[in-house]
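Single-structure report; data block below.
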Amino acid sequence: MSRRTLAFKLLGAGVAVMVLLQLGIETRRASALDAALALAAKANVNVEFDVDSPNAFVRTPATPAAAERDWWLRRQRQGAVLIASANAAVAKAPLANNLLCSLAKNAPQAMDSLVVWATDAVAAAALVSLQQTTYANNSFAIYFDATIDLPPAKADYNHNPSHFFKLMDARNLFFEHLLGTLKLDFIFTDLDVVFSSDPFDDLNLPFGVSAKTVEEIKKIHKIPSNANEAGPDALTSLSSSESVSLDLVWKSLPDVVYSTDSRDFFHNLYDPYEGNPRIPPICGGFFYIRANDRTHAMWSYIRLQNLNDQWGMDQLLNNKIASTRNSNTPLTAYQKENQRKFDAVLVDPLPAGIKERKDPRRGDTIVNGTDIIRVRILSQAAYRSALPHYADGGEVGKDNQVFLDELAVRGEREVMLHPNYCRKIIDWFHPYPFKFKYGYPMVIVTNDNKTDILQKLGKWFLDSDGICDF
C-alpha cells in the first residue's frame, strides 16, 4: 500500500505535542478525515507543522519572503494562481468538496494551480485528508499561515459577525501580502462556487480579456500581433503615462476583473450601475487581480482602513471615500487623516446589457494614467453569480438561455456558478431603490441551502456518499 507520512507539531497550552499522522492513499475519505480532525482538534490554532509534500507550505515568522514566493511561483499557470480560503467549518463542508470535484472533472489543469489557504489547524488537517485521498492524483496545494490566530467555527455576517469580520480582516492582510510582498497575480474564488470550464483559459490569462480584445488594443497602438513586447505589462504601460486621454485607458488591459452581484440582468434594470457613478456592483466571490503599484496601494488602503473587501471595494471603485467598515469600531485618528479616493474606470469589453459607461468625463479628458484602477466586469452568463440565474429553490430565469446562446455565438462558454443569494417577487408596493423594467419589484433573500440550489441546477458533483468520483 502506498502511504505518505505527515508530521504535525501542534502547540497546545504551553506543551508541544508531536503527532504523526499516517494517511493511506487508499483509505476511505471519511475515516481519514475523522482521524485527521480528531488529532488536530487536540491543539489550539497557534500551530506550527511540517508537511512532507511539495503541495503544502507553512508560513512562520522566520519564513523568508523569497522562499515563499518561489513556492507560489511553482503553482503558477499562465502567470497566476487560483486561490480559495477555508476555515475548519468551510473545509469540512460538502460545498468545498463540490468545488474541488467540479475542478477535477471540468478543469483539471486549474485544479493543479489551486492553492487553498487553510486559516486554522483543523482546516489544514481536513484539507490534507482530501488532498491525500480523494484528489491524490490530481491535487491542489495547501497554504497555512502559522503567524495568525483565526476562528475555526462557522462565521457569517448574520449569525457570527465578530468571527466573520476577523476572517475578513485576515483576508485583506493576505491579499495585500500577495500583491505587495510576493507580487503575485491571482484568481480568488469562494468555496461555494462550482466550475464548468477552466477560468485560466476563459480569462485568457495573463491578459484578463479575450484574445480578440488583446488584438484590438495592439491595433490601437500599432503593435504587430507577433511582437514580443506585447505582453500584459507592456500593453498596460502604453496608457499609464501621467498625461493620457481617458479613451485610451478605457481600451487598456484591466488591473482587476470582477464578477457582479447585480440584482438582475443588466438589460432589465433602468440603471445597470444600481446607483453607482462608475462601476456596477462587484462580487468578491470571484475575481482576478494583477499585482502592480495601483492594486497594491488599493489593498493596503483597504487593510489600513479596515474595510470589507466587497462592500468597501465597491465604494472605492466608484470614487468614494469608503465608509463600510468591518466593524462598528470608530475610525482612529490615523484612519481619519488618511482617508482617500481611488480613480477607477470600466474598461472594454463592456458586459452584455451595459451599452455605455457612466463615467461623467469625456473620452478626450486628459488624466493621470499611472493612478487609474482599470476594472473589467464579467459576463453575467459566463460567470453566473447569484440572482440573475435563479429565483427561489433553483428556478432558472428565461433570460439565462438567451445569454448562453449569445456566449456560444461569441465563442465563449459558461465558466462558473456562484449561488450566493436569490430574489423573491413581492406584490405590494415597496420603495425599492433599483427599479426593474419588467414585472414586480423584487427583494433580495438569502438561501442557506446552497446544496439544494446546486442540485436543482445540475451543478452538484458529489455522489450520494459525498464522494467525488472522477
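Following the order of the C-alpha cells, chains are lettered A, B, ..., residues in each are numbered from 1, and ligands are numbered from 1.
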* Near Leu173 (chain A), within 10 Å and counting only C-alpha atoms, which residues show up once chain neighbours fewer than 4 positions away are dropped, as a list in words? -> Leu167, Met168, Asp169, His177, Leu178, Trp299, Ser300, Ile302, Arg303, Leu304 and Asn306 of chain A
Same residues, all heavy atoms, saved as a compact mmCIF listing (two decimals), in the first residue's frame:
```txt
# COMPACT_ATOMS: atom_id res chain seq x y z
N LEU A 167 -12.18 37.11 10.10
CA LEU A 167 -11.71 36.42 8.91
C LEU A 167 -11.56 37.37 7.72
O LEU A 167 -10.63 37.24 6.92
CB LEU A 167 -12.67 35.28 8.56
CG LEU A 167 -12.64 34.06 9.49
CD1 LEU A 167 -13.82 33.15 9.23
CD2 LEU A 167 -11.33 33.30 9.33
N MET A 168 -12.48 38.34 7.61
CA MET A 168 -12.38 39.31 6.52
C MET A 168 -11.14 40.20 6.68
O MET A 168 -10.45 40.53 5.71
CB MET A 168 -13.64 40.19 6.46
CG MET A 168 -14.91 39.45 6.05
SD MET A 168 -14.81 38.66 4.42
CE MET A 168 -14.49 36.94 4.88
N ASP A 169 -10.85 40.59 7.92
CA ASP A 169 -9.63 41.37 8.18
C ASP A 169 -8.39 40.58 7.75
O ASP A 169 -7.47 41.13 7.13
CB ASP A 169 -9.52 41.71 9.67
CG ASP A 169 -10.50 42.80 10.10
OD1 ASP A 169 -11.03 43.48 9.21
OD2 ASP A 169 -10.72 42.94 11.31
N HIS A 177 -0.47 41.00 1.21
CA HIS A 177 0.79 40.26 1.22
C HIS A 177 1.09 39.67 -0.16
O HIS A 177 2.22 39.75 -0.65
CB HIS A 177 0.72 39.15 2.28
CG HIS A 177 1.92 38.28 2.37
ND1 HIS A 177 3.17 38.75 2.76
CD2 HIS A 177 2.09 36.94 2.11
CE1 HIS A 177 4.04 37.76 2.74
NE2 HIS A 177 3.41 36.65 2.35
N LEU A 178 0.07 39.10 -0.80
CA LEU A 178 0.26 38.51 -2.11
C LEU A 178 0.64 39.57 -3.15
O LEU A 178 1.53 39.36 -3.98
CB LEU A 178 -1.01 37.79 -2.56
CG LEU A 178 -1.42 36.53 -1.78
CD1 LEU A 178 -2.76 36.03 -2.28
CD2 LEU A 178 -0.38 35.45 -1.90
N TRP A 299 -5.22 47.80 -2.01
CA TRP A 299 -5.48 46.82 -0.95
C TRP A 299 -4.79 47.20 0.35
O TRP A 299 -5.26 46.85 1.43
CB TRP A 299 -5.10 45.41 -1.39
CG TRP A 299 -6.25 44.50 -1.06
CD1 TRP A 299 -6.65 44.11 0.18
CD2 TRP A 299 -7.20 43.94 -1.96
NE1 TRP A 299 -7.78 43.33 0.12
CE2 TRP A 299 -8.13 43.22 -1.19
CE3 TRP A 299 -7.34 43.98 -3.34
CZ2 TRP A 299 -9.20 42.53 -1.77
CZ3 TRP A 299 -8.40 43.29 -3.90
CH2 TRP A 299 -9.31 42.57 -3.12
N SER A 300 -3.69 47.91 0.28
CA SER A 300 -3.09 48.42 1.51
C SER A 300 -4.04 49.38 2.20
O SER A 300 -4.20 49.36 3.44
CB SER A 300 -1.77 49.15 1.19
OG SER A 300 -0.81 48.25 0.71
N ILE A 302 -7.35 49.38 1.90
CA ILE A 302 -8.46 48.60 2.43
C ILE A 302 -8.10 48.00 3.79
O ILE A 302 -8.90 48.01 4.73
CB ILE A 302 -8.86 47.49 1.43
CG1 ILE A 302 -9.61 48.12 0.24
CG2 ILE A 302 -9.72 46.43 2.09
CD1 ILE A 302 -9.95 47.13 -0.84
N ARG A 303 -6.88 47.48 3.89
CA ARG A 303 -6.46 46.90 5.16
C ARG A 303 -6.32 47.97 6.25
O ARG A 303 -6.82 47.81 7.37
CB ARG A 303 -5.13 46.16 5.00
CG ARG A 303 -4.64 45.52 6.29
CD ARG A 303 -3.28 44.89 6.15
NE ARG A 303 -2.23 45.86 5.83
CZ ARG A 303 -1.64 46.64 6.73
NH1 ARG A 303 -2.00 46.60 8.01
NH2 ARG A 303 -0.70 47.48 6.38
N LEU A 304 -5.64 49.07 5.93
CA LEU A 304 -5.40 50.11 6.93
C LEU A 304 -6.71 50.75 7.40
O LEU A 304 -6.84 51.12 8.57
CB LEU A 304 -4.48 51.18 6.36
CG LEU A 304 -3.02 50.74 6.14
CD1 LEU A 304 -2.26 51.80 5.36
CD2 LEU A 304 -2.34 50.45 7.46
N ASN A 306 -9.52 49.14 7.44
CA ASN A 306 -10.38 48.08 7.97
C ASN A 306 -11.68 47.96 7.19
O ASN A 306 -12.76 47.83 7.75
CB ASN A 306 -10.67 48.33 9.45
CG ASN A 306 -11.19 47.08 10.15
OD1 ASN A 306 -10.88 45.97 9.75
ND2 ASN A 306 -11.98 47.27 11.19
```
Excluding region 198-200 of chain A and any residue of its chain fewer than 4 positions from it, enumerate the residues within 8 Å of it, using only C-alpha atoms, and give them as a PDB file with N, CA, C and O atoms, in the first residue's frame.
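Saved to selection.pdb:
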```pdb
ATOM      1  N   ARG A  77       0.216  29.197 -13.247  1.00  0.00           N
ATOM      2  CA  ARG A  77      -0.103  28.797 -14.615  1.00  0.00           C
ATOM      3  C   ARG A  77      -0.556  30.051 -15.348  1.00  0.00           C
ATOM      4  O   ARG A  77      -1.394  30.803 -14.840  1.00  0.00           O
ATOM      5  N   GLN A  78       0.012  30.293 -16.508  1.00  0.00           N
ATOM      6  CA  GLN A  78      -0.308  31.490 -17.285  1.00  0.00           C
ATOM      7  C   GLN A  78      -0.145  32.758 -16.438  1.00  0.00           C
ATOM      8  O   GLN A  78      -0.926  33.703 -16.534  1.00  0.00           O
ATOM      9  N   LEU A 103     -13.704  21.141 -10.339  1.00  0.00           N
ATOM     10  CA  LEU A 103     -12.428  21.406 -10.992  1.00  0.00           C
ATOM     11  C   LEU A 103     -11.800  20.110 -11.501  1.00  0.00           C
ATOM     12  O   LEU A 103     -11.271  20.051 -12.616  1.00  0.00           O
ATOM     13  N   ASN A 106     -13.939  19.161 -14.598  1.00  0.00           N
ATOM     14  CA  ASN A 106     -14.121  20.101 -15.707  1.00  0.00           C
ATOM     15  C   ASN A 106     -12.902  20.954 -16.014  1.00  0.00           C
ATOM     16  O   ASN A 106     -12.820  21.527 -17.108  1.00  0.00           O
ATOM     17  N   ALA A 107     -11.980  21.074 -15.070  1.00  0.00           N
ATOM     18  CA  ALA A 107     -10.809  21.935 -15.283  1.00  0.00           C
ATOM     19  C   ALA A 107      -9.615  21.388 -14.503  1.00  0.00           C
ATOM     20  O   ALA A 107      -9.108  22.039 -13.587  1.00  0.00           O
ATOM     21  N   GLN A 109      -6.463  21.120 -15.084  1.00  0.00           N
ATOM     22  CA  GLN A 109      -5.261  21.947 -15.041  1.00  0.00           C
ATOM     23  C   GLN A 109      -5.407  23.088 -14.035  1.00  0.00           C
ATOM     24  O   GLN A 109      -4.441  23.466 -13.374  1.00  0.00           O
ATOM     25  N   ALA A 110      -6.611  23.621 -13.929  1.00  0.00           N
ATOM     26  CA  ALA A 110      -6.855  24.660 -12.922  1.00  0.00           C
ATOM     27  C   ALA A 110      -6.726  24.087 -11.525  1.00  0.00           C
ATOM     28  O   ALA A 110      -6.235  24.755 -10.605  1.00  0.00           O
ATOM     29  N   ASN A 204      -8.240  34.207 -20.467  1.00  0.00           N
ATOM     30  CA  ASN A 204      -7.094  34.428 -21.350  1.00  0.00           C
ATOM     31  C   ASN A 204      -5.926  35.040 -20.575  1.00  0.00           C
ATOM     32  O   ASN A 204      -5.330  36.034 -20.973  1.00  0.00           O
ATOM     33  N   LEU A 205      -5.622  34.411 -19.433  1.00  0.00           N
ATOM     34  CA  LEU A 205      -4.523  34.925 -18.626  1.00  0.00           C
ATOM     35  C   LEU A 205      -3.198  34.763 -19.368  1.00  0.00           C
ATOM     36  O   LEU A 205      -3.030  33.829 -20.143  1.00  0.00           O
ATOM     37  N   VAL A 415     -18.564  29.491 -17.365  1.00  0.00           N
ATOM     38  CA  VAL A 415     -17.353  29.185 -16.607  1.00  0.00           C
ATOM     39  C   VAL A 415     -17.667  28.758 -15.186  1.00  0.00           C
ATOM     40  O   VAL A 415     -17.177  27.750 -14.709  1.00  0.00           O
TER      41      VAL A 415
END
```
* Structure fact -> Min atom-atom distance to Lys219 (chain A) from the set A:Arg278, A:His296, A:Lys251, A:Arg362, counting only C-alpha atoms, belongs to A:Lys251
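Pairwise distance (CA of Lys450 (chain A), CA of Ala125 (chain A)) equals 24.4 Å.
Using only C-alpha atoms, the smallest distance between any of A:Ser243, A:Gln380, A:Gln310, A:Ser196 and Glu414 (chain A) comes from A:Ser196.
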* To do: Can you pull out every residue within 10 Å of Asp293 (chain A), counting only C-alpha atoms, but drop anything in the same chain fewer than 2 positions away, and send it as an NGL selection string?
  => :A and (179-180 or 183 or 290-291 or 295-298 or 370-371)
